[in-house]
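The file data-v8.txt comes next; it holds compact mmCIF, C-alpha atoms.
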# COMPACT_ATOMS: atom_id res chain seq x y z
CA MET Y 12 141.99 65.57 47.33
CA VAL Y 13 144.00 67.96 45.21
CA THR Y 14 141.54 67.91 42.34
CA ASN Y 15 138.74 68.39 44.84
CA SER Y 16 140.13 71.57 46.31
CA ALA Y 17 140.97 72.89 42.86
CA ALA Y 18 137.37 72.37 41.79
CA VAL Y 19 136.18 74.20 44.93
CA ALA Y 20 138.50 77.12 44.20
CA VAL Y 21 137.19 77.45 40.66
CA SER Y 22 133.54 77.32 41.69
CA VAL Y 23 134.15 79.89 44.42
CA SER Y 24 135.74 82.36 42.06
CA ALA Y 25 132.89 81.80 39.59
CA SER Y 26 130.34 82.53 42.31
CA LYS Y 27 132.16 85.79 43.00
CA ILE Y 28 131.78 87.09 39.48
CA ILE Y 29 128.23 88.40 39.89
CA PRO Y 30 128.66 90.21 43.25
CA LEU Y 31 132.00 91.65 42.17
CA SER Y 32 130.69 92.99 38.88
CA MET Y 33 127.60 94.38 40.64
CA THR Y 34 129.91 96.16 43.07
CA ALA Y 35 132.08 97.59 40.33
CA ILE Y 36 129.07 98.77 38.31
CA LEU Y 37 127.53 100.41 41.39
CA GLY Y 38 130.83 102.19 42.06
CA LEU Y 39 131.20 103.37 38.47
CA PHE Y 40 127.59 104.56 38.50
CA ILE Y 41 128.20 106.66 41.64
CA VAL Y 42 131.42 108.17 40.27
CA GLY Y 43 129.72 108.82 36.93
CA PHE Y 44 126.82 110.54 38.64
CA VAL Y 45 129.01 112.82 40.76
CA GLY Y 46 131.70 113.51 38.17
CA PHE Y 47 130.15 113.19 34.73
CA SER Y 48 126.41 113.82 34.99
CA PRO Y 49 125.35 116.53 32.53
CA LEU Y 50 122.56 117.68 34.86
CA GLU Y 51 123.13 121.32 35.71
CA VAL Y 52 122.03 120.88 39.31
CA VAL Y 53 124.40 117.95 39.89
CA HIS Y 54 127.23 119.93 38.27
CA ASN Y 55 126.64 122.90 40.55
CA ALA Y 56 126.36 120.83 43.71
CA ALA Y 57 129.53 118.85 42.97
CA HIS Y 58 131.34 121.77 41.34
CA ASP Y 59 134.30 122.09 43.69
CA THR Y 60 134.68 118.32 43.86
CA ARG Y 61 134.80 118.03 40.07
CA HIS Y 62 137.48 120.71 39.84
CA SER Y 63 139.48 119.31 42.75
CA LEU Y 64 139.42 115.75 41.36
CA ALA Y 65 140.40 117.06 37.90
CA PHE Y 66 137.27 115.71 36.25
CA PRO Y 67 136.47 117.43 32.96
CA CYS Y 68 134.17 120.27 33.99
CA HIS Y 69 132.05 122.91 32.19
CA MET V 2 124.93 88.26 48.62
CA SER V 3 127.10 88.48 51.74
CA LEU V 4 130.13 89.29 49.60
CA PHE V 5 128.29 92.19 47.94
CA ARG V 6 127.01 93.46 51.30
CA ASN V 7 130.43 93.23 52.93
CA ILE V 8 132.11 95.07 50.07
CA VAL V 9 129.49 97.82 50.19
CA PHE V 10 130.00 98.21 53.96
CA THR V 11 133.75 98.35 53.42
CA ALA V 12 133.52 100.96 50.69
CA VAL V 13 131.04 103.09 52.64
CA ILE V 14 133.20 103.19 55.78
CA ALA V 15 136.51 103.70 53.96
CA GLY V 16 134.90 106.18 51.55
CA LEU V 17 133.32 108.16 54.37
CA LEU V 18 136.62 108.55 56.20
CA SER V 19 138.84 109.22 53.20
CA GLY V 20 136.20 111.49 51.62
CA LEU V 21 136.05 113.55 54.81
CA LEU V 22 139.83 113.75 54.87
CA MET V 23 139.83 114.87 51.24
CA THR V 24 137.21 117.53 51.97
CA VAL V 25 139.33 118.96 54.77
CA MET V 26 142.45 118.94 52.58
CA GLN V 27 140.57 120.61 49.71
CA HIS V 28 139.08 123.19 52.04
CA PHE V 29 142.56 124.48 52.78
CA SER V 30 144.18 123.92 49.39
CA THR V 31 142.12 123.72 46.19
CA VAL V 32 138.82 125.36 47.15
CA PRO V 33 140.29 128.78 48.10
CA LEU V 34 142.05 128.80 44.70
CA ILE V 35 138.79 127.89 42.92
CA LEU V 36 137.00 130.75 44.67
CA GLN V 37 139.81 133.12 43.73
CA ALA V 38 139.66 132.02 40.09
CA GLU V 39 135.92 132.59 40.03
CA THR V 40 136.48 136.29 40.65
CA TYR V 41 138.39 136.45 37.35
CA GLU V 42 135.79 134.33 35.63
CA LYS V 43 132.98 136.63 36.73
CA ALA V 44 134.93 139.66 35.57
CA GLU V 45 135.11 138.24 32.04
CA PRO V 46 132.67 139.66 29.53
CA ALA V 47 129.89 137.20 28.74
CA ALA V 48 130.88 137.02 25.06
CA ALA V 49 134.39 135.75 25.78
CA HIS V 50 133.06 133.25 28.24
CA SER V 51 134.62 129.84 27.84
CA HIS V 52 131.39 128.10 28.66
CA SER V 53 130.04 129.22 25.29
CA HIS V 54 126.47 128.97 26.29
CA GLU V 55 124.86 128.62 22.88
CA ALA V 56 121.41 129.30 24.23
CA THR V 57 122.37 132.88 25.01
CA PRO V 58 120.91 135.10 22.30
CA ALA V 59 123.39 137.11 20.22
CA GLY V 60 122.27 140.32 21.88
CA GLY V 61 123.82 139.02 25.08
CA ALA V 62 123.25 142.27 26.91
CA ALA V 63 120.31 140.62 28.60
CA ALA V 64 122.61 137.99 30.10
CA PRO V 65 124.28 139.73 33.02
CA ALA V 66 128.00 138.89 33.01
CA ALA V 67 127.15 135.22 32.88
CA ASP V 68 127.42 133.83 36.32
CA HIS V 69 129.75 130.86 36.46
CA HIS V 70 126.80 128.51 36.71
CA HIS V 71 125.45 128.69 33.22
CA ASP V 72 121.68 128.88 33.61
CA ALA V 73 120.36 131.60 35.80
CA GLU V 74 117.53 129.27 36.84
CA ALA V 75 119.70 126.26 37.73
CA TRP V 76 120.03 125.85 41.44
CA SER V 77 123.46 125.98 42.99
CA PRO V 78 124.49 125.88 46.64
CA ALA V 79 124.98 129.23 48.34
CA ASP V 80 128.60 130.14 49.04
CA GLY V 81 129.80 129.28 52.51
CA ALA V 82 128.53 126.46 54.67
CA GLU V 83 126.01 125.17 52.13
CA ARG V 84 128.59 124.92 49.37
CA PHE V 85 131.00 123.22 51.77
CA ILE V 86 128.41 120.61 52.73
CA TYR V 87 127.62 119.78 49.10
CA THR V 88 131.33 119.52 48.31
CA ALA V 89 131.78 117.21 51.29
CA ALA V 90 128.85 115.07 50.16
CA ALA V 91 130.19 114.87 46.60
CA ASP V 92 133.67 114.03 47.89
CA ILE V 93 132.34 111.25 50.11
CA LEU V 94 130.15 109.85 47.34
CA SER V 95 133.07 109.83 44.90
CA ALA V 96 135.25 108.17 47.51
CA ILE V 97 132.62 105.47 48.11
CA GLY V 98 132.29 104.92 44.36
CA PHE V 99 136.05 104.65 43.88
CA GLY V 100 136.22 102.39 46.93
CA LEU V 101 133.60 100.01 45.49
CA VAL V 102 135.53 99.68 42.25
CA LEU V 103 138.82 99.29 44.10
CA VAL V 104 137.56 96.46 46.32
CA ALA V 105 135.84 94.71 43.40
CA ILE V 106 139.05 94.70 41.36
CA ALA V 107 141.18 93.68 44.33
CA GLU V 108 138.83 90.80 45.21
CA ALA V 109 138.84 89.60 41.62
CA PHE V 110 142.63 89.34 41.86
CA GLY V 111 142.65 87.44 45.15
CA GLY V 112 141.98 90.13 47.75
CA PHE V 113 144.07 92.75 49.51
CA GLY V 114 145.65 90.57 52.20
CA GLY V 115 146.80 93.57 54.22
CA TRP V 116 147.05 97.36 54.14
CA ARG V 117 150.29 97.35 52.15
CA ARG V 118 148.67 95.81 49.09
CA GLY V 119 145.74 98.20 49.61
CA LEU V 120 148.16 101.11 49.52
CA MET V 121 149.54 99.81 46.21
CA PHE V 122 146.01 99.56 44.83
CA GLY V 123 145.35 103.11 46.01
CA ILE V 124 148.44 104.43 44.26
CA ALA V 125 147.40 102.56 41.12
CA GLY V 126 144.05 104.33 41.44
CA PHE V 127 145.84 107.67 41.63
CA LEU V 128 147.84 106.85 38.48
CA THR V 129 144.68 105.72 36.69
CA VAL V 130 142.22 108.41 37.68
CA SER V 131 144.36 111.47 38.46
CA LEU V 132 147.78 111.36 36.88
CA ALA V 133 147.20 109.68 33.50
CA PRO V 134 144.10 111.70 32.50
CA GLY V 135 145.81 114.78 33.98
CA LEU V 136 148.74 114.46 31.56
CA GLY V 137 146.39 115.33 28.72
CA LEU V 138 143.68 117.25 30.54
CA PRO V 139 145.35 119.02 33.44
CA PRO V 140 143.13 120.09 36.33
CA GLU V 141 141.16 123.20 35.34
CA LEU V 142 140.24 126.27 37.28
CA PRO V 143 136.93 128.00 36.59
CA GLY V 144 137.38 130.63 33.90
CA MET V 145 139.99 128.69 31.97
CA PRO V 146 139.39 127.82 28.34
CA ALA V 147 138.69 124.19 27.46
CA ALA V 148 137.50 122.16 24.50
CA GLU V 149 133.93 120.87 24.25
CA LEU V 150 132.92 118.92 27.32
CA GLY V 151 131.75 115.73 25.57
CA PRO V 152 135.01 114.84 23.76
CA ARG V 153 137.00 115.66 26.90
CA GLN V 154 134.88 113.32 29.00
CA ILE V 155 135.28 110.57 26.40
CA TRP V 156 139.06 111.06 26.29
CA TRP V 157 139.22 111.12 30.08
CA ILE V 158 137.25 107.89 30.48
CA SER V 159 139.16 106.11 27.68
CA THR V 160 142.49 107.14 29.18
CA ALA V 161 141.52 105.95 32.65
CA LEU V 162 140.31 102.64 31.21
CA CYS V 163 143.46 102.07 29.10
CA THR V 164 145.69 102.97 32.06
CA ALA V 165 143.81 100.61 34.38
CA ILE V 166 144.10 97.71 31.94
CA GLY V 167 147.75 98.54 31.23
CA LEU V 168 148.67 98.63 34.92
CA GLY V 169 146.71 95.42 35.53
CA LEU V 170 148.56 93.63 32.73
CA LEU V 171 151.94 94.81 34.05
CA ALA V 172 151.11 93.71 37.59
CA TYR V 173 149.36 90.40 36.93
CA THR V 174 150.83 88.88 33.78
CA ARG V 175 154.33 87.65 33.05
CA SER V 176 154.56 87.43 29.26
CA ALA V 177 156.60 89.89 27.23
CA ALA V 178 153.85 90.29 24.63
CA LEU V 179 151.32 91.33 27.26
CA ALA V 180 153.84 93.72 28.82
CA ALA V 181 154.29 95.31 25.40
CA LEU V 182 150.51 95.56 25.03
CA ALA V 183 150.37 97.18 28.47
CA ILE V 184 152.87 99.83 27.44
CA VAL V 185 150.93 100.51 24.24
CA LEU V 186 147.76 100.94 26.31
CA LEU V 187 149.50 103.30 28.73
CA VAL V 188 150.99 105.46 25.98
CA ALA V 189 148.32 105.37 23.25
CA PRO V 190 145.86 107.89 24.76
CA HIS V 191 148.64 110.47 24.94
CA LEU V 192 149.69 109.86 21.34
CA VAL V 193 146.08 110.35 20.29
CA GLY V 194 146.03 113.45 22.46
CA ALA V 195 143.33 115.12 24.50
CA PRO V 196 140.90 117.58 22.92
CA LEU V 197 142.45 121.05 23.24
CA PRO V 198 140.76 124.44 23.42
CA PRO V 199 141.15 126.70 20.37
CA SER V 200 142.90 129.31 22.51
CA HIS V 201 144.63 129.20 25.86
CA GLU V 202 143.99 132.83 26.74
CA THR V 203 142.63 133.35 30.22
CA ASP V 204 142.41 136.05 32.85
CA VAL V 205 143.33 133.54 35.54
CA PRO V 206 146.95 134.23 36.58
CA MET V 207 149.37 131.40 35.79
CA GLU V 208 150.78 131.55 39.30
CA LEU V 209 147.33 130.80 40.73
CA TYR V 210 146.87 127.99 38.24
CA ALA V 211 150.25 126.42 39.04
CA ARG V 212 149.40 126.35 42.72
CA PHE V 213 146.05 124.77 41.91
CA VAL V 214 147.55 121.97 39.81
CA ASN V 215 150.06 121.17 42.55
CA ALA V 216 147.31 121.17 45.17
CA VAL V 217 145.10 118.87 43.10
CA TYR V 218 147.82 116.25 42.62
CA ALA V 219 148.99 116.43 46.23
CA THR V 220 145.48 116.08 47.70
CA ASN V 221 144.54 113.31 45.28
CA LEU V 222 147.68 111.32 45.99
CA VAL V 223 147.04 111.45 49.75
CA PHE V 224 143.35 110.67 49.21
CA TRP V 225 144.05 107.59 47.07
CA ALA V 226 146.76 106.29 49.39
CA VAL V 227 144.42 106.59 52.38
CA LEU V 228 141.45 105.14 50.49
CA GLY V 229 143.49 102.13 49.35
CA ALA V 230 144.98 101.37 52.74
CA LEU V 231 141.67 101.93 54.56
CA THR V 232 139.62 99.72 52.23
CA ALA V 233 142.15 96.93 52.76
CA ILE V 234 142.04 97.32 56.55
CA VAL V 235 138.24 97.59 56.74
CA ARG V 236 137.74 94.72 54.31
CA GLU V 237 139.47 92.39 56.77
CA LYS V 238 136.83 93.28 59.41
CA PHE V 239 133.83 92.59 57.17
CA ARG V 240 133.85 88.96 56.19
CA ALA V 241 130.69 87.78 57.93
CA GLY V 242 128.73 85.17 55.99
CA GLU V 243 131.42 84.57 53.42
CA ASP V 244 132.50 80.97 53.05
CA VAL V 245 135.39 80.25 55.40
CA ALA V 246 137.00 78.23 52.61
CA VAL V 247 137.26 81.38 50.53
CA ARG V 248 140.88 82.16 50.87
CA PRO V 249 143.06 83.83 48.27
CA ALA V 250 144.26 81.13 45.88
CA ALA V 251 147.76 80.05 46.86
CA GLY V 252 149.39 81.33 43.70
CA LEU V 253 147.92 84.83 44.04
CA GLY V 254 148.43 84.96 47.78
CA ALA V 255 152.13 84.38 47.37
CA ARG V 256 152.51 87.26 44.98
Structure encoded using structure tokens:
Amino acid sequence: MVTNSAAVAVSVSASKIIPLSMTAILGLFIVGFVGFSPLEVVHNAAHDTRHSLAFPCH
Amino acid sequence: MSLFRNIVFTAVIAGLLSGLLMTVMQHFSTVPLILQAETYEKAEPAAAHSHSHEATPAGGAAAPAADHHHDAEAWSPADGAERFIYTAAADILSAIGFGLVLVAIAEAFGGFGGWRRGLMFGIAGFLTVSLAPGLGLPPELPGMPAAELGPRQIWWISTALCTAIGLGLLAYTRSAALAALAIVLLVAPHLVGAPLPPSHETDVPMELYARFVNAVYATNLVFWAVLGALTAIVREKFRAGEDVAVRPAAGLGAR
């Protein structure tokens, strides 16, 4: 019984790896786009946000 | 896929609410100071402009007192309602992005298990993304001198990464060697030092700048605390389709 549940726990956490890394990458992509994109238009649109979040700007 | 979908729902709802809150806070604290600083920036002669727009020909007379937004052609939102809406959208998007990362990390370490742990994660986010990079690269107002953008972005990202790993090691490991490594990771970026501008001269009054730095840290601390607590609360509501057996492992749950 004990070994059984341990095996289940391991397989569950392994099955979480892909969705969790996809989530983290999506989040980092969004933050990177808003805060670090070199595109002039993105910089201008998010200008006050970049300054207010203390992202490196200009 | 239900885990991915549920986390995205969680981050979107928590990010929307905390991003809106941040926009309101900024509207009354940081944004007025940014607008005020821009008046000094626009008064600066184009030559002394910190943005050092290399493309400008030496006979810069043609470039009229370089508007803050470097290229004359590049679109930027009109001041007023339009600018506010774009700031709100950027705030909400950032909040959703931070929320996604926050939930992903929390789930990898056994889940939030309540708003209190979420609040702790939020404060860790503040330390990682606001305070630690801010020790080397303090928040900037428009019109203030700064080093080249590329190296600053690299230093910023490296510092955030080192701080995140350092805090994670301190919170989730128990060996002295790893604690020592954590402290090295927390301190190293500041020993290396952030890229500094050649000169700190600016027309922006120091009093204005001091108020801005305070406002940035205050708003960010509140934002991160709310984002952390909200993601933890909302996460509890979105568990549809996830295996019922998926519970935080006993060891982590007890922590």
Using all atoms listed in the file, find which residues of chain V lie within 6 Å of chain Y and jot them down as a list of chain:residue names. V:Phe5, V:Trp76, V:Ser77, V:Tyr87, V:Thr88, V:Ala91, V:Asp92, V:Ser95, V:Gly98, V:Leu101, V:Val102, V:Ala105, V:Pro140, V:Gln154, V:Val217
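Atom pair CA of Ser3 (chain V) / CA of Leu18 (chain V) has a distance of 22.7 Å (rounded to one decimal).
Closest approach to Gly126 (chain V) from the set V:Tyr173, V:Ser200, V:Leu222, V:Glu108 is made by V:Leu222, with distances taken over only C-alpha atoms.
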Distance in Å - CA of Cys163 (chain V) versus CA of Gly151 (chain V): 18.3 Å
Separating CA of Ala109 (chain V) from CA of Ala90 (chain V), to the nearest tenth of an Å, is a gap of 28.7 Å
Please list as a ChimeraX atom specification every residue within 10 Å of Leu197 (chain V), counting all atoms listed in the file and excluding residues in the same chain fewer than 5 positions away. /V:137-138,146-149,152-153
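Within 8 Å of the point (147.5, 102.0, 56.0) in file coordinates, and counting all atoms listed in the file, lie the residues V:Trp116, V:Arg117, V:Gly119, V:Leu120, V:Ala226, V:Val227, V:Gly229, V:Ala230, V:Leu231, V:Ile234.
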